[in-house]
There are 2 protein chains.
Amino acid sequence: MAEVAAAAGVSQQTVSRVLNSNPSVSAKTRQKVREAIAALEYRPNLAARALVTGNTHIIGVLVSSTSLEGPSGSLLAIEQTARKDGYWVSMASLQSNTAEEAVDVISHFINQGVDGIIAVAQTAVSVDATLKAVGTMPTVLVTSGSVPEDCFSVDVDQADGTRQLMTILRGLGHTRIAHVSGPALDLHAAARLAEWRASLPDGADEIVVEGDWSSGSVYRAAMTMLATGANPTAIFAGNDRMALGVLRALNERGLRVPTDMSVVGFDDILGTDCAIPPLTTISQNHSALGSAAMDLMLEAMDGRPARSVKIPGQLIVRASTGVPAQPK
Amino acid sequence: MAEVAAAAGVSQQTVSRVLNSNPSVSAKTRQKVREAIAALEYRPNLAARALVTGNTHIIGVLVSSTSLEGPSGSLLAIEQTARKDGYWVSMASLQSNTAEEAVDVISHFINQGVDGIIAVAQTAVSVDATLKAVGTMPTVLVTSGSVPEDCFSVDVDQADGTRQLMTILRGLGHTRIAHVSGPALDLHAAARLAEWRASLPDGADEIVVEGDWSSGSVYRAAMTMLATGANPTAIFAGNDRMALGVLRALNERGLRVPTDMSVVGFDDILGTDCAIPPLTTISQNHSALGSAAMDLMLEAMDGRPARSVKIPGQLIVRASTGVPAQPK
DNA sequence: ATATACGACGTTAGCGCTAACATTTGGCTA
DNA sequence: TAGCCAAATGTTAGCGCTAACGTCGTATAT
């Protein structure tokens, strides 16, 4: 920087002012400095700047990596929004979903001097660990779990999405709607399960099996369920991958979709438009979620009061849903 | 840090030595310093450390986000390996696949003082832009494109994976094997296309349609191809999502898989084990790719000579492949 | 007893930058 | 023409840390 200053015939401070777009630099000087910067291929050292200003313009983003599509979609969306707002992302994905690892990562983020932390949390454990570790750092949780009043959070509205699916199924005439849930400890799974339960017709049987988000786990579970004689007319799978497992199980048992059974999923992952048959599901608007997370981050950094945002999911109706067959 | 030194009754430098595990600190002193650190909840300022040491222990990772599964799987794998090796990841995902955006991002990484850059590049444009922008910074490319001799690179072996698929199809007796390729500018698509072409029986027709990696694009294209009377007995889709589109198109035309047509994909994305029928494909070992990328990074930082690593893909044989029907 | 070596610390300086204050310059007013 | 203001620039100090070197004391060799 000293070299640039010398080359432009000004002081270091003036170079600094040009870099920081300080208005009190004359156009002529600014021009000279710009040329010197270009000529010398000068690059500002952000570590030095961070040291003196105390902020890095870096956001730490923590994702729990257990299930791939959701969290990494959110991560990419958050990153792109952040960059548009002039922030950069330091990321870490949890391997274990232990509190310890989350705390380590957050601790590192703080040491690194991040301006804020966004945690994409799948389980109550990581929500709690995050809240303990962040201290007074501006924080936004991307989670469907319950969060304290004074905490910023954002999520795709799981309950609303579930209601949309249930509404369309009931509208078609389904009353016996089974549920294939995600892992019990997962907050998204819990939210979808709870709302499914709440949306059941009064007095309906609760036909539910638990999967681990993977299609394979559910293929086997669905085969078992179908064999037991609990005869739903529709199945609400907790995510699209599990819905694929259901579709395969139905196919192998010779049940037609939607004639013999309607199936719905959740997430609208890539490829479900070409499931056999194409799957009715809830599309998650990752980019809206990313922008919302970043908007909240800016509010948090600004010291504004905490609030929570729910992004509505969009119902995508495809061929896997239809009216139930009349009982023969 | 001065406070910690005072509390422990030692100099700042000694505290620094404890933090950096310098051996020439007596056990007793080390203990005292540790206690002072804990008592005061002292956190080292990494920006200051980076300023004086000149390295940040941060790796910049650039991913092109166009297609989701592959790059973000690699990203997560790279991050987890990096953290195991004591490095942290600063990431950016490209929205446009322009050289300009890549250069901006890399320029930022350099300003930030990253110790190295890993670029997950899908197109020749981003490979070139990356190589121009990084200068002398240690760099590893994750790409299937051709790279200069003096450049570290790693990729799942596209050609080998394609050969494995072609070998099994030919072994089953298929000679007319169509290809559904990814977008022409994509390096993975190009590599798979080239090897498919090379693996065709001599003098065979080249039946090929181009998709954009999405299942929807290919569903339509496949329908068209099937209607034209080019009658392959097997279809090699450039990725699993497009294979799903092919499966759906076949299903709607009443063709059975694998009796009337065998189908293979590439990537082994989650859910293909429950495609109808389950898909024969090549599984990409993301975690091996992540470790390899990080190993190469360490070599690059060490000034060792460049080399390229190919990670073999693993053939997963499922129900979508079988012997071709005898011509009626 | 003297020289030598080494382990265990302390002292000094500076990494590259910006905040805060000091200074200069030109333009305008009375 | 003196006086004053504001815009444009310079000067000083310090952010938190570590590299390099200096100092002290104790153990070992001669």
# chains A, B, ... in the order shown; residues from 1 in each chain; ligands from 1
call {"tool": "select_by_dssp", "arguments": {"residues": "stretch 125-327 of chain A", "states": "helix (DSSP H, G or I)", "output": "number ranges by chain"}}
result
A: 125-134, 158-172, 187-199, 215-228, 240-252, 272-274, 286-301
call {"tool": "closest_atom_pairs", "arguments": {"of": "chain B", "to": "chain C", "cutoff": "10 Å", "atoms": "only C-alpha atoms (C1' of nucleotides)", "output": "tab-separated table"}}
result
residue	atom	partner	partner_atom	distance
B:Val10	CA	C:DC9	C1'	8.4
B:Ser11	CA	C:DG10	C1'	6.5
B:Gln12	CA	C:DG10	C1'	9.0
B:Gln13	CA	C:DG10	C1'	7.9
B:Thr14	CA	C:DC9	C1'	7.4
B:Ser24	CA	C:DA8	C1'	6.5
B:Val25	CA	C:DA8	C1'	6.4
B:Ser26	CA	C:DA8	C1'	7.1
B:Thr29	CA	C:DA8	C1'	9.8
B:Ala48	CA	C:DC15	C1'	8.6
B:Arg49	CA	C:DC15	C1'	9.2
B:Ala50	CA	C:DC15	C1'	8.9
B:Leu51	CA	C:DC15	C1'	5.5
B:Val52	CA	C:DC15	C1'	4.5
B:Thr53	CA	C:DC15	C1'	7.8
B:Gly54	CA	C:DC15	C1'	8.2
call {"tool": "closest_atom_pairs", "arguments": {"of": "chain A", "to": "chain B", "cutoff": "7 Å", "atoms": "only C-alpha atoms", "output": "tab-separated table"}}
result
residue	atom	partner	partner_atom	distance
A:Arg43	CA	B:Asn111	CA	6.0
A:Pro44	CA	B:Asn111	CA	6.0
A:Asn45	CA	B:Asn111	CA	5.5
A:Leu46	CA	B:Gln112	CA	5.1
A:Ala47	CA	B:Ala47	CA	5.0
A:Ala48	CA	B:Leu51	CA	5.8
A:Ala50	CA	B:Ala47	CA	6.5
A:Leu51	CA	B:Ala47	CA	5.7
A:Ser72	CA	B:Ser72	CA	6.7
A:Leu76	CA	B:Ser93	CA	6.6
A:Glu79	CA	B:Ala92	CA	6.6
A:Gln80	CA	B:Ser93	CA	6.8
A:Val89	CA	B:Ser90	CA	5.8
A:Ser90	CA	B:Ser90	CA	4.3
A:Met91	CA	B:Val89	CA	5.9
A:Ala92	CA	B:Glu79	CA	6.6
A:Ser93	CA	B:Leu76	CA	6.6
A:Asn111	CA	B:Asn45	CA	5.5
A:Gln112	CA	B:Leu46	CA	5.2
A:Ser215	CA	B:Gly271	CA	5.5
A:Gly216	CA	B:Cys274	CA	6.7
A:Arg241	CA	B:Gly271	CA	5.4
A:Leu244	CA	B:Cys274	CA	5.8
A:Gly245	CA	B:Cys274	CA	5.3
A:Arg248	CA	B:Cys274	CA	5.8
A:Gly271	CA	B:Arg241	CA	5.4
A:Asp273	CA	B:Gly216	CA	6.7
A:Cys274	CA	B:Gly245	CA	5.3
A:Ala275	CA	B:Leu244	CA	6.8
A:Ile276	CA	B:Arg248	CA	6.0
call {"tool": "write_last_selection", "arguments": {"atoms": "N, CA and C atoms", "output": "PDB file, in the first residue's frame"}}
result
ATOM      1  N   ARG A  43      -3.120  -5.519  -4.036  1.00  0.00           N
ATOM      2  CA  ARG A  43      -4.276  -6.182  -3.444  1.00  0.00           C
ATOM      3  C   ARG A  43      -4.348  -5.836  -1.967  1.00  0.00           C
ATOM      4  N   PRO A  44      -5.475  -5.308  -1.538  1.00  0.00           N
ATOM      5  CA  PRO A  44      -5.590  -5.010  -0.111  1.00  0.00           C
ATOM      6  C   PRO A  44      -5.545  -6.282   0.723  1.00  0.00           C
ATOM      7  N   ASN A  45      -4.982  -6.185   1.890  1.00  0.00           N
ATOM      8  CA  ASN A  45      -4.919  -7.328   2.801  1.00  0.00           C
ATOM      9  C   ASN A  45      -6.108  -7.253   3.760  1.00  0.00           C
ATOM     10  N   LEU A  46      -7.047  -8.175   3.541  1.00  0.00           N
ATOM     11  CA  LEU A  46      -8.281  -8.102   4.322  1.00  0.00           C
ATOM     12  C   LEU A  46      -8.078  -8.449   5.788  1.00  0.00           C
ATOM     13  N   ALA A  47      -7.054  -9.241   6.068  1.00  0.00           N
ATOM     14  CA  ALA A  47      -6.786  -9.587   7.470  1.00  0.00           C
ATOM     15  C   ALA A  47      -6.387  -8.322   8.225  1.00  0.00           C
ATOM     16  N   ALA A  48      -5.568  -7.507   7.609  1.00  0.00           N
ATOM     17  CA  ALA A  48      -5.133  -6.269   8.262  1.00  0.00           C
ATOM     18  C   ALA A  48      -6.329  -5.338   8.462  1.00  0.00           C
ATOM     19  N   ALA A  50      -9.424  -6.233   8.731  1.00  0.00           N
ATOM     20  CA  ALA A  50     -10.282  -6.802   9.764  1.00  0.00           C
ATOM     21  C   ALA A  50      -9.709  -6.509  11.145  1.00  0.00           C
ATOM     22  N   LEU A  51      -8.405  -6.558  11.227  1.00  0.00           N
ATOM     23  CA  LEU A  51      -7.754  -6.342  12.524  1.00  0.00           C
ATOM     24  C   LEU A  51      -8.083  -4.952  13.059  1.00  0.00           C
ATOM     25  N   SER A  72     -27.932 -28.396   1.681  1.00  0.00           N
ATOM     26  CA  SER A  72     -26.950 -27.817   0.768  1.00  0.00           C
ATOM     27  C   SER A  72     -27.611 -26.867  -0.210  1.00  0.00           C
ATOM     28  N   LEU A  76     -26.215 -22.996  -0.573  1.00  0.00           N
ATOM     29  CA  LEU A  76     -25.886 -22.298  -1.805  1.00  0.00           C
ATOM     30  C   LEU A  76     -26.698 -21.008  -1.929  1.00  0.00           C
ATOM     31  N   GLU A  79     -25.364 -18.406   0.450  1.00  0.00           N
ATOM     32  CA  GLU A  79     -24.082 -17.867  -0.006  1.00  0.00           C
ATOM     33  C   GLU A  79     -24.286 -16.840  -1.115  1.00  0.00           C
ATOM     34  N   GLN A  80     -25.141 -17.176  -2.062  1.00  0.00           N
ATOM     35  CA  GLN A  80     -25.322 -16.270  -3.184  1.00  0.00           C
ATOM     36  C   GLN A  80     -25.949 -14.951  -2.738  1.00  0.00           C
ATOM     37  N   VAL A  89     -18.802 -16.085   2.737  1.00  0.00           N
ATOM     38  CA  VAL A  89     -19.243 -17.184   3.597  1.00  0.00           C
ATOM     39  C   VAL A  89     -18.110 -18.131   3.966  1.00  0.00           C
ATOM     40  N   SER A  90     -17.976 -18.323   5.235  1.00  0.00           N
ATOM     41  CA  SER A  90     -17.089 -19.357   5.750  1.00  0.00           C
ATOM     42  C   SER A  90     -18.009 -20.480   6.186  1.00  0.00           C
ATOM     43  N   MET A  91     -17.781 -21.685   5.697  1.00  0.00           N
ATOM     44  CA  MET A  91     -18.752 -22.736   5.974  1.00  0.00           C
ATOM     45  C   MET A  91     -18.155 -23.941   6.686  1.00  0.00           C
ATOM     46  N   ALA A  92     -19.011 -24.647   7.381  1.00  0.00           N
ATOM     47  CA  ALA A  92     -18.610 -25.924   7.942  1.00  0.00           C
ATOM     48  C   ALA A  92     -19.829 -26.828   7.975  1.00  0.00           C
ATOM     49  N   SER A  93     -19.643 -28.072   7.585  1.00  0.00           N
ATOM     50  CA  SER A  93     -20.756 -29.020   7.631  1.00  0.00           C
ATOM     51  C   SER A  93     -20.465 -30.062   8.694  1.00  0.00           C
ATOM     52  N   ASN A 111     -13.592 -16.896  16.613  1.00  0.00           N
ATOM     53  CA  ASN A 111     -12.172 -16.542  16.571  1.00  0.00           C
ATOM     54  C   ASN A 111     -11.796 -15.898  15.251  1.00  0.00           C
ATOM     55  N   GLN A 112     -12.438 -16.389  14.220  1.00  0.00           N
ATOM     56  CA  GLN A 112     -12.142 -15.881  12.886  1.00  0.00           C
ATOM     57  C   GLN A 112     -12.663 -14.458  12.726  1.00  0.00           C
ATOM     58  N   SER A 215     -34.700 -43.515   0.426  1.00  0.00           N
ATOM     59  CA  SER A 215     -35.734 -44.259  -0.283  1.00  0.00           C
ATOM     60  C   SER A 215     -35.685 -45.738   0.083  1.00  0.00           C
ATOM     61  N   GLY A 216     -34.464 -46.253   0.252  1.00  0.00           N
ATOM     62  CA  GLY A 216     -34.328 -47.680   0.530  1.00  0.00           C
ATOM     63  C   GLY A 216     -34.997 -48.082   1.839  1.00  0.00           C
ATOM     64  N   ARG A 241     -37.631 -38.385  -1.497  1.00  0.00           N
ATOM     65  CA  ARG A 241     -36.859 -39.612  -1.652  1.00  0.00           C
ATOM     66  C   ARG A 241     -37.616 -40.795  -1.078  1.00  0.00           C
ATOM     67  N   LEU A 244     -40.270 -41.904  -3.323  1.00  0.00           N
ATOM     68  CA  LEU A 244     -39.792 -42.788  -4.391  1.00  0.00           C
ATOM     69  C   LEU A 244     -39.768 -44.235  -3.917  1.00  0.00           C
ATOM     70  N   GLY A 245     -39.374 -44.425  -2.676  1.00  0.00           N
ATOM     71  CA  GLY A 245     -39.384 -45.769  -2.104  1.00  0.00           C
ATOM     72  C   GLY A 245     -40.800 -46.326  -2.048  1.00  0.00           C
ATOM     73  N   ARG A 248     -41.988 -47.318  -5.535  1.00  0.00           N
ATOM     74  CA  ARG A 248     -41.422 -48.588  -5.978  1.00  0.00           C
ATOM     75  C   ARG A 248     -42.121 -49.759  -5.292  1.00  0.00           C
ATOM     76  N   GLY A 271     -35.781 -34.231 -10.292  1.00  0.00           N
ATOM     77  CA  GLY A 271     -36.041 -35.580 -10.764  1.00  0.00           C
ATOM     78  C   GLY A 271     -37.425 -36.091 -10.419  1.00  0.00           C
ATOM     79  N   ASP A 273     -40.135 -34.756 -11.009  1.00  0.00           N
ATOM     80  CA  ASP A 273     -41.062 -34.502 -12.115  1.00  0.00           C
ATOM     81  C   ASP A 273     -41.096 -35.707 -13.060  1.00  0.00           C
ATOM     82  N   CYS A 274     -40.109 -36.578 -12.954  1.00  0.00           N
ATOM     83  CA  CYS A 274     -40.090 -37.766 -13.795  1.00  0.00           C
ATOM     84  C   CYS A 274     -40.124 -39.055 -13.000  1.00  0.00           C
ATOM     85  N   ALA A 275     -40.641 -38.966 -11.779  1.00  0.00           N
ATOM     86  CA  ALA A 275     -40.920 -40.208 -11.063  1.00  0.00           C
ATOM     87  C   ALA A 275     -42.033 -40.907 -11.830  1.00  0.00           C
ATOM     88  N   ILE A 276     -42.251 -42.171 -11.542  1.00  0.00           N
ATOM     89  CA  ILE A 276     -43.324 -42.894 -12.220  1.00  0.00           C
ATOM     90  C   ILE A 276     -44.385 -43.236 -11.206  1.00  0.00           C
TER      91      ILE A 276
END
call {"tool": "closest_residue", "arguments": {"among": "D:DG10, D:DG3, D:DG22, D:DG16", "to": "chain B", "atoms": "only C-alpha atoms (C1' of nucleotides)"}}
result
D:DG16
call {"tool": "residues_around", "arguments": {"residues": "stretch 170-176 of chain A", "least_positions_apart": "3", "cutoff": "7 Å", "atoms": "only C-alpha atoms (C1' of nucleotides)", "output": "list in words"}}
result
Met166, Thr167, Pro201, Ala204, Pro232, Thr233, Ala234, Gly322, Val323 and Pro324 of chain A
call {"tool": "interface_residues", "arguments": {"of": "chain D", "to": "chain A", "cutoff": "10 Å", "atoms": "only C-alpha atoms (C1' of nucleotides)", "output": "list in words"}}
result
DA7, DA8, DT9, DG10, DT11, DG14, DC15 and DG16 of chain D
call {"tool": "write_last_selection", "arguments": {"atoms": "C-alpha atoms (C1' of nucleotides)", "output": "CSV table (one decimal), in the first residue's frame"}}
result
chain,number,residue,atom,x,y,z
D,7,DA,C1',-12.7,20.4,1.2
D,8,DA,C1',-8.6,17.7,0.4
D,9,DT,C1',-4.8,15.7,2.2
D,10,DG,C1',-1.1,14.3,5.7
D,11,DT,C1',0.4,12.5,10.4
D,14,DG,C1',-2.4,1.3,17.5
D,15,DC,C1',-5.5,-3.0,16.2
D,16,DG,C1',-3.6,-8.3,18.4
call {"tool": "atom_distance", "arguments": {"atom1": "atom CA of B:Val120", "atom2": "atom CA of B:Leu62"}}
result
5.9 Å
call {"tool": "select_by_dssp", "arguments": {"residues": "stretch 108-144 of chain B", "states": "strand (DSSP E)", "output": "PyMOL selection string"}}
result
chain B and resi 116-120+139-142
call {"tool": "write_last_selection", "arguments": {"atoms": "C-alpha atoms", "output": "mmCIF file, in the first residue's frame"}}
result
data_model
loop_
_atom_site.group_PDB
_atom_site.id
_atom_site.type_symbol
_atom_site.label_atom_id
_atom_site.label_comp_id
_atom_site.auth_asym_id
_atom_site.auth_seq_id
_atom_site.Cartn_x
_atom_site.Cartn_y
_atom_site.Cartn_z
ATOM 1 C CA GLY B 116 -4.947 -22.281 -1.434
ATOM 2 C CA ILE B 117 -7.840 -22.521 -3.845
ATOM 3 C CA ILE B 118 -9.886 -25.516 -4.895
ATOM 4 C CA ALA B 119 -12.128 -24.947 -7.888
ATOM 5 C CA VAL B 120 -14.906 -27.362 -8.765
ATOM 6 C CA THR B 139 -4.531 -24.565 -6.701
ATOM 7 C CA VAL B 140 -6.389 -27.808 -7.227
ATOM 8 C CA LEU B 141 -8.969 -28.196 -9.939
ATOM 9 C CA VAL B 142 -11.816 -30.629 -9.548
#
call {"tool": "residues_around", "arguments": {"residues": "B:Thr98", "least_positions_apart": "3", "cutoff": "12 Å", "atoms": "only C-alpha atoms (C1' of nucleotides)", "output": "PDB file with C-alpha atoms, in the first residue's frame"}}
result
ATOM      1  CA  SER B  64     -20.152 -23.863 -10.116  1.00  0.00           C
ATOM      2  CA  SER B  65     -23.689 -24.331  -8.936  1.00  0.00           C
ATOM      3  CA  THR B  66     -25.468 -25.101 -12.155  1.00  0.00           C
ATOM      4  CA  SER B  93     -20.846 -20.715  -5.697  1.00  0.00           C
ATOM      5  CA  LEU B  94     -21.090 -19.226  -9.141  1.00  0.00           C
ATOM      6  CA  GLN B  95     -24.484 -18.105 -10.348  1.00  0.00           C
ATOM      7  CA  GLU B 101     -17.594 -13.915 -11.714  1.00  0.00           C
ATOM      8  CA  ALA B 102     -14.969 -16.620 -11.242  1.00  0.00           C
ATOM      9  CA  VAL B 103     -12.210 -14.041 -11.389  1.00  0.00           C
ATOM     10  CA  ASP B 104     -13.977 -11.824  -8.863  1.00  0.00           C
ATOM     11  CA  VAL B 105     -14.365 -14.658  -6.446  1.00  0.00           C
ATOM     12  CA  ALA B 121     -15.228 -26.471 -12.422  1.00  0.00           C
ATOM     13  CA  GLN B 122     -17.894 -27.675 -14.821  1.00  0.00           C
ATOM     14  CA  THR B 123     -16.900 -25.798 -17.939  1.00  0.00           C
ATOM     15  CA  ALA B 124     -13.764 -24.981 -19.867  1.00  0.00           C
ATOM     16  CA  VAL B 125     -14.515 -21.304 -19.348  1.00  0.00           C
ATOM     17  CA  SER B 126     -14.298 -21.595 -15.597  1.00  0.00           C
ATOM     18  CA  VAL B 127     -11.184 -23.767 -15.764  1.00  0.00           C
ATOM     19  CA  ASP B 128      -9.438 -21.150 -17.885  1.00  0.00           C
ATOM     20  CA  ALA B 129     -10.638 -18.252 -15.790  1.00  0.00           C
ATOM     21  CA  THR B 130      -9.498 -19.992 -12.642  1.00  0.00           C
TER      22      THR B 130
END
call {"tool": "decode", "arguments": {"residues": "stretch 80-170 of chain B", "atoms": "C-alpha atoms", "output": "PDB file, in the first residue's frame"}}
result
ATOM      1  CA  GLN B  80     -14.946 -32.120   5.933  1.00  0.00           C
ATOM      2  CA  THR B  81     -11.534 -33.336   4.839  1.00  0.00           C
ATOM      3  CA  ALA B  82     -10.095 -29.858   5.065  1.00  0.00           C
ATOM      4  CA  ARG B  83     -11.311 -29.412   8.599  1.00  0.00           C
ATOM      5  CA  LYS B  84      -9.826 -32.748   9.590  1.00  0.00           C
ATOM      6  CA  ASP B  85      -6.497 -31.426   8.279  1.00  0.00           C
ATOM      7  CA  GLY B  86      -6.790 -28.205  10.245  1.00  0.00           C
ATOM      8  CA  TYR B  87      -8.041 -26.006   7.449  1.00  0.00           C
ATOM      9  CA  TRP B  88     -11.247 -24.053   7.097  1.00  0.00           C
ATOM     10  CA  VAL B  89     -13.257 -23.355   4.024  1.00  0.00           C
ATOM     11  CA  SER B  90     -14.349 -20.094   2.540  1.00  0.00           C
ATOM     12  CA  MET B  91     -16.781 -20.864  -0.255  1.00  0.00           C
ATOM     13  CA  ALA B  92     -18.464 -19.216  -3.181  1.00  0.00           C
ATOM     14  CA  SER B  93     -20.846 -20.715  -5.697  1.00  0.00           C
ATOM     15  CA  LEU B  94     -21.090 -19.226  -9.141  1.00  0.00           C
ATOM     16  CA  GLN B  95     -24.484 -18.105 -10.348  1.00  0.00           C
ATOM     17  CA  SER B  96     -23.509 -17.210 -13.838  1.00  0.00           C
ATOM     18  CA  ASN B  97     -20.862 -19.415 -15.333  1.00  0.00           C
ATOM     19  CA  THR B  98     -18.966 -16.382 -16.550  1.00  0.00           C
ATOM     20  CA  ALA B  99     -15.230 -15.922 -16.352  1.00  0.00           C
ATOM     21  CA  GLU B 100     -15.816 -12.553 -14.740  1.00  0.00           C
ATOM     22  CA  GLU B 101     -17.594 -13.915 -11.714  1.00  0.00           C
ATOM     23  CA  ALA B 102     -14.969 -16.620 -11.242  1.00  0.00           C
ATOM     24  CA  VAL B 103     -12.210 -14.041 -11.389  1.00  0.00           C
ATOM     25  CA  ASP B 104     -13.977 -11.824  -8.863  1.00  0.00           C
ATOM     26  CA  VAL B 105     -14.365 -14.658  -6.446  1.00  0.00           C
ATOM     27  CA  ILE B 106     -10.788 -15.832  -6.770  1.00  0.00           C
ATOM     28  CA  SER B 107      -9.552 -12.308  -6.426  1.00  0.00           C
ATOM     29  CA  HIS B 108     -11.435 -12.030  -3.176  1.00  0.00           C
ATOM     30  CA  PHE B 109     -10.008 -15.296  -1.932  1.00  0.00           C
ATOM     31  CA  ILE B 110      -6.523 -13.997  -2.586  1.00  0.00           C
ATOM     32  CA  ASN B 111      -7.247 -10.731  -0.803  1.00  0.00           C
ATOM     33  CA  GLN B 112      -8.598 -12.724   2.075  1.00  0.00           C
ATOM     34  CA  GLY B 113      -5.268 -14.464   2.260  1.00  0.00           C
ATOM     35  CA  VAL B 114      -6.397 -18.013   1.645  1.00  0.00           C
ATOM     36  CA  ASP B 115      -3.623 -20.590   1.689  1.00  0.00           C
ATOM     37  CA  GLY B 116      -4.947 -22.281  -1.434  1.00  0.00           C
ATOM     38  CA  ILE B 117      -7.840 -22.521  -3.845  1.00  0.00           C
ATOM     39  CA  ILE B 118      -9.886 -25.516  -4.895  1.00  0.00           C
ATOM     40  CA  ALA B 119     -12.128 -24.947  -7.888  1.00  0.00           C
ATOM     41  CA  VAL B 120     -14.906 -27.362  -8.765  1.00  0.00           C
ATOM     42  CA  ALA B 121     -15.228 -26.471 -12.422  1.00  0.00           C
ATOM     43  CA  GLN B 122     -17.894 -27.675 -14.821  1.00  0.00           C
ATOM     44  CA  THR B 123     -16.900 -25.798 -17.939  1.00  0.00           C
ATOM     45  CA  ALA B 124     -13.764 -24.981 -19.867  1.00  0.00           C
ATOM     46  CA  VAL B 125     -14.515 -21.304 -19.348  1.00  0.00           C
ATOM     47  CA  SER B 126     -14.298 -21.595 -15.597  1.00  0.00           C
ATOM     48  CA  VAL B 127     -11.184 -23.767 -15.764  1.00  0.00           C
ATOM     49  CA  ASP B 128      -9.438 -21.150 -17.885  1.00  0.00           C
ATOM     50  CA  ALA B 129     -10.638 -18.252 -15.790  1.00  0.00           C
ATOM     51  CA  THR B 130      -9.498 -19.992 -12.642  1.00  0.00           C
ATOM     52  CA  LEU B 131      -6.063 -20.752 -13.978  1.00  0.00           C
ATOM     53  CA  LYS B 132      -5.583 -17.164 -15.089  1.00  0.00           C
ATOM     54  CA  ALA B 133      -6.789 -15.684 -11.834  1.00  0.00           C
ATOM     55  CA  VAL B 134      -4.954 -17.807  -9.310  1.00  0.00           C
ATOM     56  CA  GLY B 135      -1.461 -16.820 -10.319  1.00  0.00           C
ATOM     57  CA  THR B 136       1.023 -18.620  -8.102  1.00  0.00           C
ATOM     58  CA  MET B 137      -1.497 -19.545  -5.431  1.00  0.00           C
ATOM     59  CA  PRO B 138      -1.579 -23.305  -4.715  1.00  0.00           C
ATOM     60  CA  THR B 139      -4.531 -24.565  -6.701  1.00  0.00           C
ATOM     61  CA  VAL B 140      -6.389 -27.808  -7.227  1.00  0.00           C
ATOM     62  CA  LEU B 141      -8.969 -28.196  -9.939  1.00  0.00           C
ATOM     63  CA  VAL B 142     -11.816 -30.629  -9.548  1.00  0.00           C
ATOM     64  CA  THR B 143     -12.713 -31.134 -13.159  1.00  0.00           C
ATOM     65  CA  SER B 144     -12.812 -33.633 -15.939  1.00  0.00           C
ATOM     66  CA  GLY B 145     -11.503 -31.177 -18.471  1.00  0.00           C
ATOM     67  CA  SER B 146      -7.948 -31.204 -19.666  1.00  0.00           C
ATOM     68  CA  VAL B 147      -5.591 -29.207 -17.516  1.00  0.00           C
ATOM     69  CA  PRO B 148      -2.020 -28.022 -18.086  1.00  0.00           C
ATOM     70  CA  GLU B 149       0.823 -30.310 -17.039  1.00  0.00           C
ATOM     71  CA  ASP B 150       1.793 -28.115 -14.104  1.00  0.00           C
ATOM     72  CA  CYS B 151      -1.624 -28.095 -12.583  1.00  0.00           C
ATOM     73  CA  PHE B 152      -3.066 -30.267  -9.825  1.00  0.00           C
ATOM     74  CA  SER B 153      -6.386 -31.835 -10.646  1.00  0.00           C
ATOM     75  CA  VAL B 154      -8.718 -34.508  -9.453  1.00  0.00           C
ATOM     76  CA  ASP B 155     -11.902 -36.056 -10.728  1.00  0.00           C
ATOM     77  CA  VAL B 156     -14.025 -39.125 -10.726  1.00  0.00           C
ATOM     78  CA  ASP B 157     -12.775 -41.069 -13.712  1.00  0.00           C
ATOM     79  CA  GLN B 158     -15.457 -40.336 -16.254  1.00  0.00           C
ATOM     80  CA  ALA B 159     -13.975 -42.412 -19.021  1.00  0.00           C
ATOM     81  CA  ASP B 160     -13.506 -45.424 -16.803  1.00  0.00           C
ATOM     82  CA  GLY B 161     -17.032 -45.139 -15.429  1.00  0.00           C
ATOM     83  CA  THR B 162     -18.436 -44.905 -18.930  1.00  0.00           C
ATOM     84  CA  ARG B 163     -16.422 -47.935 -20.002  1.00  0.00           C
ATOM     85  CA  GLN B 164     -17.742 -49.928 -17.064  1.00  0.00           C
ATOM     86  CA  LEU B 165     -21.284 -49.147 -18.117  1.00  0.00           C
ATOM     87  CA  MET B 166     -20.620 -49.898 -21.761  1.00  0.00           C
ATOM     88  CA  THR B 167     -18.838 -53.105 -20.870  1.00  0.00           C
ATOM     89  CA  ILE B 168     -21.723 -54.443 -18.897  1.00  0.00           C
ATOM     90  CA  LEU B 169     -24.200 -53.481 -21.611  1.00  0.00           C
ATOM     91  CA  ARG B 170     -22.147 -55.091 -24.331  1.00  0.00           C
TER      92      ARG B 170
END
